[in-house]
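**Student:** Next up, my_file-v9.tsv (TSV, C-alpha atoms).
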chain	number	residue	atom	x	y	z
A	1	MET	CA	-78.42	-5.84	28.75
A	2	ARG	CA	-76.08	-2.97	29.59
A	3	LEU	CA	-72.56	-3.94	30.52
A	4	PHE	CA	-72.03	-1.20	33.09
A	5	ARG	CA	-74.35	0.69	35.35
A	6	ALA	CA	-73.60	3.65	37.58
A	7	ARG	CA	-74.16	2.86	41.26
A	8	ARG	CA	-74.42	5.45	44.00
A	9	ARG	CA	-71.69	4.93	46.56
A	10	LEU	CA	-73.40	4.29	49.84
A	11	VAL	CA	-72.13	5.75	53.10
A	12	ALA	CA	-70.51	3.01	55.18
A	13	VAL	CA	-68.75	2.79	58.50
A	14	ARG	CA	-65.36	4.50	58.83
A	15	ALA	CA	-62.58	1.99	58.22
A	16	PRO	CA	-59.20	2.01	60.01
A	17	PRO	CA	-56.13	3.32	58.13
A	18	ALA	CA	-55.02	1.10	55.23
A	19	SER	CA	-58.19	-1.00	55.38
A	20	TRP	CA	-59.39	-2.30	52.02
A	21	LEU	CA	-62.92	-1.46	53.19
A	22	ALA	CA	-63.16	1.86	51.37
A	23	TRP	CA	-63.73	3.06	47.82
A	24	PRO	CA	-60.38	3.36	45.99
A	25	THR	CA	-59.80	6.53	44.00
A	26	LEU	CA	-57.82	4.70	41.29
A	27	SER	CA	-59.63	2.61	38.73
A	28	SER	CA	-59.50	-1.18	38.78
A	29	ALA	CA	-61.84	-1.66	35.81
A	30	ASN	CA	-59.27	-3.53	33.71
A	31	GLY	CA	-58.34	-5.97	36.45
A	32	THR	CA	-54.69	-5.03	36.05
A	33	GLN	CA	-52.08	-6.15	38.57
A	34	ILE	CA	-48.94	-4.08	39.03
A	35	LYS	CA	-45.91	-5.59	40.76
A	36	THR	CA	-44.34	-2.99	43.05
A	37	ALA	CA	-40.61	-2.44	42.55
A	38	GLY	CA	-38.02	-2.37	45.33
A	39	VAL	CA	-40.06	-4.33	47.88
A	40	HIS	CA	-37.06	-6.48	48.82
A	41	TYR	CA	-35.41	-3.40	50.36
A	42	ARG	CA	-38.51	-2.81	52.49
A	43	ARG	CA	-38.87	-6.29	53.97
A	44	ASP	CA	-39.17	-5.09	57.56
A	45	ALA	CA	-41.78	-2.47	56.66
A	46	LEU	CA	-43.72	-5.08	54.67
A	47	ALA	CA	-43.75	-7.51	57.60
A	48	LYS	CA	-44.92	-4.71	59.88
A	49	ALA	CA	-47.70	-3.70	57.46
A	50	ILE	CA	-49.02	-7.27	57.27
A	51	ALA	CA	-48.92	-7.59	61.06
A	52	GLN	CA	-50.90	-4.36	61.44
A	53	PHE	CA	-53.33	-4.47	58.51
A	54	GLY	CA	-53.39	-7.99	57.04
A	55	ASP	CA	-52.50	-9.08	53.52
A	56	LEU	CA	-55.34	-7.25	51.69
A	57	VAL	CA	-54.99	-3.51	52.18
A	58	MET	CA	-55.55	-0.10	50.70
A	59	ALA	CA	-52.32	1.36	49.33
A	60	GLU	CA	-51.71	5.06	48.79
A	61	LEU	CA	-49.45	6.35	46.02
A	62	LYS	CA	-47.40	9.49	46.54
A	63	VAL	CA	-44.95	11.34	44.29
A	64	GLU	CA	-41.46	11.91	45.68
A	65	GLN	CA	-41.06	15.67	45.78
A	66	GLY	CA	-37.32	16.18	46.06
A	67	GLY	CA	-33.86	14.68	46.14
A	68	GLN	CA	-32.21	12.17	43.86
A	69	TYR	CA	-35.45	10.27	43.23
A	70	ALA	CA	-37.78	13.23	42.72
A	71	GLY	CA	-40.77	12.18	40.64
A	72	ALA	CA	-40.73	8.55	41.75
A	73	VAL	CA	-44.18	7.18	42.66
A	74	ARG	CA	-43.98	5.59	46.11
A	75	VAL	CA	-46.31	2.88	47.38
A	76	ASN	CA	-47.36	3.39	51.00
A	77	VAL	CA	-49.55	1.32	53.32
A	78	GLY	CA	-50.58	2.86	56.61
A	79	GLY	CA	-47.70	5.34	56.40
A	80	LEU	CA	-45.14	2.62	55.65
A	81	GLU	CA	-43.26	2.92	52.36
A	82	LEU	CA	-43.15	-0.51	50.68
A	83	GLY	CA	-41.68	0.27	47.24
A	84	SER	CA	-42.35	2.19	44.04
A	85	ILE	CA	-44.24	1.99	40.79
A	86	PRO	CA	-41.83	0.49	38.19
A	87	HIS	CA	-39.85	3.17	36.36
A	88	GLY	CA	-41.10	2.14	32.92
A	89	VAL	CA	-44.73	2.97	33.73
A	90	ALA	CA	-44.21	5.58	36.45
A	91	GLU	CA	-45.01	8.59	34.23
A	92	ASP	CA	-48.65	7.58	33.66
A	93	TRP	CA	-49.14	6.90	37.36
A	94	ARG	CA	-47.44	10.14	38.37
A	95	LEU	CA	-49.87	12.12	36.22
A	96	VAL	CA	-53.00	10.59	37.77
A	97	VAL	CA	-51.59	10.90	41.32
A	98	GLU	CA	-50.94	14.59	40.72
A	99	GLN	CA	-54.37	15.10	39.15
A	100	LEU	CA	-56.07	13.57	42.18
A	101	ASP	CA	-53.92	15.64	44.51
A	102	GLN	CA	-55.06	18.82	42.74
A	103	ILE	CA	-58.67	18.06	43.72
A	104	GLY	CA	-57.71	17.09	47.27
A	105	GLN	CA	-58.00	13.33	46.79
A	106	PRO	CA	-55.39	10.70	47.74
A	107	ALA	CA	-54.45	8.17	45.06
A	108	THR	CA	-55.52	4.82	46.50
A	109	CYS	CA	-55.98	1.27	45.28
A	110	ARG	CA	-56.25	-2.19	46.79
A	111	ALA	CA	-53.06	-4.19	47.26
A	112	VAL	CA	-52.15	-7.75	48.21
A	113	LEU	CA	-49.05	-8.13	50.39
A	114	GLU	CA	-46.91	-11.27	50.30
A	115	TYR	CA	-44.12	-12.04	52.75
A	116	GLU	CA	-41.97	-15.09	53.49
A	117	PRO	CA	-39.47	-14.80	56.36
A	118	GLY	CA	-35.74	-15.00	55.77
A	119	GLU	CA	-33.49	-13.17	53.33
A	120	ALA	CA	-34.36	-15.66	50.57
A	121	GLY	CA	-38.10	-15.51	51.27
A	122	CYS	CA	-40.44	-14.17	48.61
A	123	VAL	CA	-41.79	-10.64	49.15
A	124	ASP	CA	-44.24	-8.84	46.88
A	125	VAL	CA	-46.75	-6.03	46.84
A	126	TRP	CA	-49.34	-6.42	44.07
A	127	LEU	CA	-51.43	-3.35	43.25
A	128	TYR	CA	-54.91	-3.85	41.83
A	129	GLY	CA	-55.40	-0.67	39.86
A	130	ASN	CA	-54.81	1.30	36.71
A	131	ALA	CA	-53.24	4.69	36.03
A	132	GLU	CA	-56.60	6.46	35.86
A	133	ALA	CA	-59.18	7.73	38.32
A	134	SER	CA	-62.09	5.51	39.29
A	135	ASP	CA	-65.75	6.32	38.67
A	136	ASP	CA	-69.15	5.23	39.95
A	137	THR	CA	-69.55	2.45	37.38
A	138	GLU	CA	-66.92	0.29	39.09
A	139	PRO	CA	-67.73	-2.49	41.56
A	140	PHE	CA	-66.75	-2.34	45.21
A	141	LEU	CA	-65.33	-5.81	45.78
A	142	PRO	CA	-61.73	-6.32	44.62
A	143	ALA	CA	-61.49	-8.77	41.72
A	144	ILE	CA	-58.87	-11.23	42.94
A	145	ARG	CA	-60.26	-14.77	42.67
A	146	GLN	CA	-62.70	-16.21	40.14
A	147	HIS	CA	-65.67	-18.32	41.27
A	148	GLU	CA	-67.58	-20.06	38.50
A	149	VAL	CA	-71.29	-19.30	38.29
A	150	SER	CA	-73.80	-22.09	37.74
A	151	LEU	CA	-76.15	-20.39	35.30
A	152	ASP	CA	-79.92	-20.53	35.51
A	153	HIS	CA	-81.84	-21.95	32.55
A	154	GLY	CA	-81.64	-19.70	29.49
A	155	GLN	CA	-78.96	-17.42	30.87
A	156	ALA	CA	-76.13	-18.90	28.77
A	157	ASP	CA	-77.93	-17.91	25.56
A	158	ALA	CA	-78.78	-14.45	26.89
A	159	LEU	CA	-75.24	-13.72	28.04
A	160	GLY	CA	-73.74	-15.12	24.86
A	161	ALA	CA	-75.90	-12.75	22.84
A	162	ALA	CA	-74.81	-9.84	25.06
A	163	LEU	CA	-71.21	-10.33	23.92
A	164	HIS	CA	-72.16	-8.59	20.65
A	165	SER	CA	-69.48	-10.44	18.73
A	166	LYS	CA	-69.29	-13.39	16.34
A	167	ALA	CA	-65.68	-14.09	17.26
A	168	LYS	CA	-65.12	-17.69	18.31
A	169	THR	CA	-63.24	-16.62	21.43
A	170	LYS	CA	-64.47	-13.62	23.37
A	171	THR	CA	-64.18	-12.38	26.96
A	172	GLN	CA	-66.34	-9.63	28.38
A	173	ILE	CA	-66.26	-8.03	31.83
A	174	MET	CA	-69.56	-6.91	33.32
A	175	VAL	CA	-70.53	-5.42	36.67
A	176	GLY	CA	-72.86	-7.52	38.79
A	177	GLU	CA	-73.70	-8.18	42.40
A	178	VAL	CA	-73.77	-11.11	44.80
A	179	ARG	CA	-76.17	-11.71	47.69
A	180	GLU	CA	-76.60	-14.53	50.14
A	181	ASP	CA	-79.85	-16.48	50.20
A	182	ASP	CA	-80.06	-19.29	52.75
A	183	GLY	CA	-76.40	-20.22	52.36
A	184	THR	CA	-76.35	-19.86	48.56
A	185	TRP	CA	-74.65	-16.92	46.87
A	186	ILE	CA	-76.93	-15.55	44.16
A	187	VAL	CA	-75.32	-13.66	41.26
A	188	THR	CA	-77.23	-10.86	39.54
A	189	LEU	CA	-76.73	-8.55	36.56
A	190	GLU	CA	-78.81	-5.38	36.38
A	191	GLY	CA	-80.86	-6.74	39.28
A	192	GLU	CA	-81.74	-9.94	37.41
A	193	ARG	CA	-80.62	-13.29	38.78
A	194	ILE	CA	-78.37	-15.18	36.36
A	195	GLY	CA	-77.27	-18.04	38.59
A	196	ALA	CA	-75.39	-18.93	41.77
A	197	CYS	CA	-71.86	-19.66	42.89
A	198	GLU	CA	-70.35	-21.48	45.84
A	199	PRO	CA	-67.22	-19.57	46.90
A	200	ASP	CA	-65.22	-21.42	49.54
A	201	GLU	CA	-63.98	-18.15	51.02
A	202	VAL	CA	-66.54	-15.46	51.80
A	203	SER	CA	-65.47	-13.83	55.06
A	204	ARG	CA	-64.35	-10.61	53.36
A	205	VAL	CA	-67.55	-10.47	51.33
A	206	VAL	CA	-69.54	-10.80	54.53
A	207	THR	CA	-67.35	-8.16	56.20
A	208	ALA	CA	-68.06	-5.73	53.36
A	209	ARG	CA	-71.80	-6.39	53.68
A	210	THR	CA	-71.69	-5.86	57.45
A	211	ALA	CA	-69.82	-2.58	56.95
A	212	GLY	CA	-72.59	-1.31	54.68
A	213	PHE	CA	-70.89	-1.55	51.29
A	214	PRO	CA	-72.65	-2.88	48.16
A	215	LEU	CA	-71.55	-6.38	47.11
A	216	THR	CA	-70.91	-5.32	43.53
A	217	CYS	CA	-68.26	-7.30	41.68
A	218	ARG	CA	-66.75	-8.00	38.29
A	219	ILE	CA	-68.49	-10.73	36.30
A	220	ARG	CA	-66.29	-12.45	33.72
A	221	VAL	CA	-68.02	-13.98	30.68
A	222	ARG	CA	-65.88	-16.06	28.32
A	223	ARG	CA	-66.88	-17.90	25.17
A	224	SER	CA	-64.47	-20.49	23.75
A	225	PRO	CA	-64.82	-22.90	20.83
A	226	ASP	CA	-66.48	-26.22	21.70
A	227	ARG	CA	-66.86	-25.30	25.36
A	228	PRO	CA	-69.79	-24.19	27.50
A	229	LEU	CA	-70.02	-20.48	28.26
A	230	TYR	CA	-67.85	-19.70	31.29
A	231	VAL	CA	-69.14	-17.13	33.77
A	232	ALA	CA	-67.34	-16.24	37.01
A	233	ALA	CA	-67.83	-13.79	39.85
A	234	GLU	CA	-64.52	-12.22	40.89
A	235	LEU	CA	-64.30	-11.83	44.66
A	236	PRO	CA	-61.69	-11.22	47.37
A	237	PRO	CA	-60.22	-14.30	49.09
A	238	ASP	CA	-60.12	-14.76	52.86
Turn this file's structure into structure tokens for me.
**Tutor:**
Amino acid sequence: MRLFRARRRLVAVRAPPASWLAWPTLSSANGTQIKTAGVHYRRDALAKAIAQFGDLVMAELKVEQGGQYAGAVRVNVGGLELGSIPHGVAEDWRLVVEQLDQIGQPATCRAVLEYEPGEAGCVDVWLYGNAEASDDTEPFLPAIRQHEVSLDHGQADALGAALHSKAKTKTQIMVGEVREDDGTWIVTLEGERIGACEPDEVSRVVTARTAGFPLTCRIRVRRSPDRPLYVAAELPPD
């Protein structure tokens, strides 16, 4: 069983600005979350972004071109600046943003926006991406919440063997797909059913399907000592 498979990106309906319903140009293969810096100083812009676009959005990264902060990597949502990539990792991000710009591509990734009213309220912008360009092996659905998969008979042994490791503890990320079948969400790998899951929040998955996008997602497989094999589909929450 191959762990990754290239998938042709299907043409879907045009999404409004900042909608998460588009293919990001930055990779999210590692499932990394980056906490945006300086969001507290952009509270009003953050509240406005959530009011306009919701809490799951597509962020665009841009390099500051001049002035005191030239070279800073700014995080924008729908034209609203919400903060910056932290200084300690900004160099790697700046390089990939500039590389994408050279080929006429914006640097985009999914982001989750958090806002609590009041000066003491929590505000955050979490970026789901890595400092590298995406490719066609990556799934469409953002990997935000894990939903355990009830495996079909024999699949635990097959997936355990696919880990290709004798280590007692091992986690592997694969690319799979979900589909609805009479109210049940079937989980497949390489087109083969491995089991089913019962996510309590599926509206964004359904929205992606309606918009014409493939329901490809990250599948997490974890083996731990003295425990059953854990398999989860990682999907966006409502």
**Student:** Could you tell me which of A:Phe213, A:Gly183, A:Gln105, A:Gly66 comes closest to A:Ala22 if we count all atoms listed in the file?
**Tutor:** A:Phe213
**Student:** Select, from A:Arg74, A:His164, A:Arg223, A:Arg218, the residue with the minimum atom-to-atom distance to A:Phe140, counting only C-alpha atoms.
**Tutor:**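 That would be A:Arg218, the residue with the smallest distance to A:Phe140.
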**Student:** Using all atoms listed in the file, find the one residue out of A:Val63, A:Ile144, A:Leu56, A:Val231 that sits nearest to A:Glu91.
**Tutor:**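 The closest residue to A:Glu91 is A:Val63.
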**Student:** Name the residues, using the chain letters and numbers of the file, that sit within 10 Å of (-58.5, -4.0, 37.9) when counting all atoms listed in the file, and give them as a list of chain:residue names.
**Tutor:**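 Checking each residue against the 10 Å limit leaves A:Leu26, A:Ser27, A:Ser28, A:Ala29, A:Asn30, A:Gly31, A:Thr32, A:Gln33, A:Ile34, A:Cys109, A:Arg110, A:Leu127, A:Tyr128, A:Gly129, A:Asn130, A:Glu138, A:Pro142, A:Ala143, A:Ile144, A:Arg218.
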**Student:** Atom CA of A:Trp93 and atom CA of A:Val39 are how many Å apart?
**Tutor:** 17.9 Å
**Student:** Using all atoms listed in the file, find the one residue out of A:Val205, A:Val97, A:Leu46, A:Ala18 that sits nearest to A:Val125.
**Tutor:**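 Distance minimum relative to A:Val125 lands on A:Leu46.
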**Student:** Atom CA of A:Ile85 and atom CA of A:His40, how far apart in Å?
**Tutor:**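 Between atom CA of A:His40 and atom CA of A:Ile85 the gap works out to 13.7 Å.
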**Student:** So that I can see what lies close to A:Ala90, please list as a PDB file with C-alpha atoms, in the coordinates of the input the residues with an atom at most 12 Å from it, counting all atoms listed in the file and leaving out residues fewer than 3 positions away in the same chain.
**Tutor:**
ATOM      1  CA  ILE A  34     -48.940  -4.080  39.030  1.00  0.00           C
ATOM      2  CA  THR A  36     -44.340  -2.990  43.050  1.00  0.00           C
ATOM      3  CA  ALA A  37     -40.610  -2.440  42.550  1.00  0.00           C
ATOM      4  CA  LEU A  61     -49.450   6.350  46.020  1.00  0.00           C
ATOM      5  CA  LYS A  62     -47.400   9.490  46.540  1.00  0.00           C
ATOM      6  CA  VAL A  63     -44.950  11.340  44.290  1.00  0.00           C
ATOM      7  CA  GLU A  64     -41.460  11.910  45.680  1.00  0.00           C
ATOM      8  CA  ALA A  70     -37.780  13.230  42.720  1.00  0.00           C
ATOM      9  CA  GLY A  71     -40.770  12.180  40.640  1.00  0.00           C
ATOM     10  CA  ALA A  72     -40.730   8.550  41.750  1.00  0.00           C
ATOM     11  CA  VAL A  73     -44.180   7.180  42.660  1.00  0.00           C
ATOM     12  CA  ARG A  74     -43.980   5.590  46.110  1.00  0.00           C
ATOM     13  CA  VAL A  75     -46.310   2.880  47.380  1.00  0.00           C
ATOM     14  CA  SER A  84     -42.350   2.190  44.040  1.00  0.00           C
ATOM     15  CA  ILE A  85     -44.240   1.990  40.790  1.00  0.00           C
ATOM     16  CA  PRO A  86     -41.830   0.490  38.190  1.00  0.00           C
ATOM     17  CA  HIS A  87     -39.850   3.170  36.360  1.00  0.00           C
ATOM     18  CA  TRP A  93     -49.140   6.900  37.360  1.00  0.00           C
ATOM     19  CA  ARG A  94     -47.440  10.140  38.370  1.00  0.00           C
ATOM     20  CA  LEU A  95     -49.870  12.120  36.220  1.00  0.00           C
ATOM     21  CA  VAL A  96     -53.000  10.590  37.770  1.00  0.00           C
ATOM     22  CA  VAL A  97     -51.590  10.900  41.320  1.00  0.00           C
ATOM     23  CA  ASN A 130     -54.810   1.300  36.710  1.00  0.00           C
ATOM     24  CA  ALA A 131     -53.240   4.690  36.030  1.00  0.00           C
TER      25      ALA A 131
END
**Student:** Could you give me, as number ranges by chain, the residues within 6 Å of stretch 189-197 of chain A, counting all atoms listed in the file and dropping anything in the same chain fewer than 6 positions from it?
**Tutor:** A: 149-152, 155, 176
**Student:** With distances taken over only C-alpha atoms, which of A:Ala161, A:Ala47, A:Leu141, A:Ala156 is nearest to A:Pro117?
**Tutor:**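 So, comparing all the options, the nearest one is A:Ala47.
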**Student:** Suppose you want the space between atom CA of A:Ser203 and atom CA of A:Gln146; what is it in Å?
**Tutor:**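 Atom-to-atom, atom CA of A:Ser203 to atom CA of A:Gln146, that is 15.4 Å.
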**Student:** With 8 Å of padding per side, what axis-aligned box (centre and edge lengths, Å, one decimal) covers all the listed atoms of stretch 170-180 of chain A? Give it as lines of an AutoDock Vina configuration file.
**Tutor:**
center_x = -70.4
center_y = -10.0
center_z = 36.8
size_x = 28.4
size_y = 25.1
size_z = 42.8
**Student:** Report as a PyMOL selection string all protein, DNA and RNA residues lying within 7 Å of A:Lys170, evaluated on all atoms listed in the file, omitting residues in the same chain fewer than 2 positions from it.
**Tutor:** chain A and resi 167-168+172+222-224
**Student:** Anything within 8 Å of (-68.5, -10.5, 50.2): list those residues as JSON, numbers by chain, counting only C-alpha atoms and sticking to the file's coordinates.
**Tutor:** {"A": [141, 178, 202, 203, 204, 205, 206, 207, 208, 209, 215, 235, 236]}
**Student:** Could you check which of A:Glu234, A:Asp124, A:Asp157, A:Glu201 is closest to A:Val175, using all atoms listed in the file?
**Tutor:**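 Result for the nearest residue to A:Val175: A:Glu234.
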**Student:** With a distance cut-off of 9 Å and all atoms listed in the file, select the neighbouring residues of A:Ser19, excluding the residue or stretch itself and same-chain residues fewer than 2 positions from it, and output the selection as a compact mmCIF listing (two decimals) with C-alpha atoms, keeping the file's coordinate frame.
**Tutor:**
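Final output, saved to result21.txt:
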# COMPACT_ATOMS: atom_id res chain seq x y z
CA ALA A 15 -62.58 1.99 58.22
CA PRO A 16 -59.20 2.01 60.01
CA PRO A 17 -56.13 3.32 58.13
CA LEU A 21 -62.92 -1.46 53.19
CA ALA A 22 -63.16 1.86 51.37
CA PHE A 53 -53.33 -4.47 58.51
CA GLY A 54 -53.39 -7.99 57.04
CA LEU A 56 -55.34 -7.25 51.69
CA VAL A 57 -54.99 -3.51 52.18
CA MET A 58 -55.55 -0.10 50.70
CA ALA A 59 -52.32 1.36 49.33
CA GLY A 78 -50.58 2.86 56.61
CA ARG A 110 -56.25 -2.19 46.79
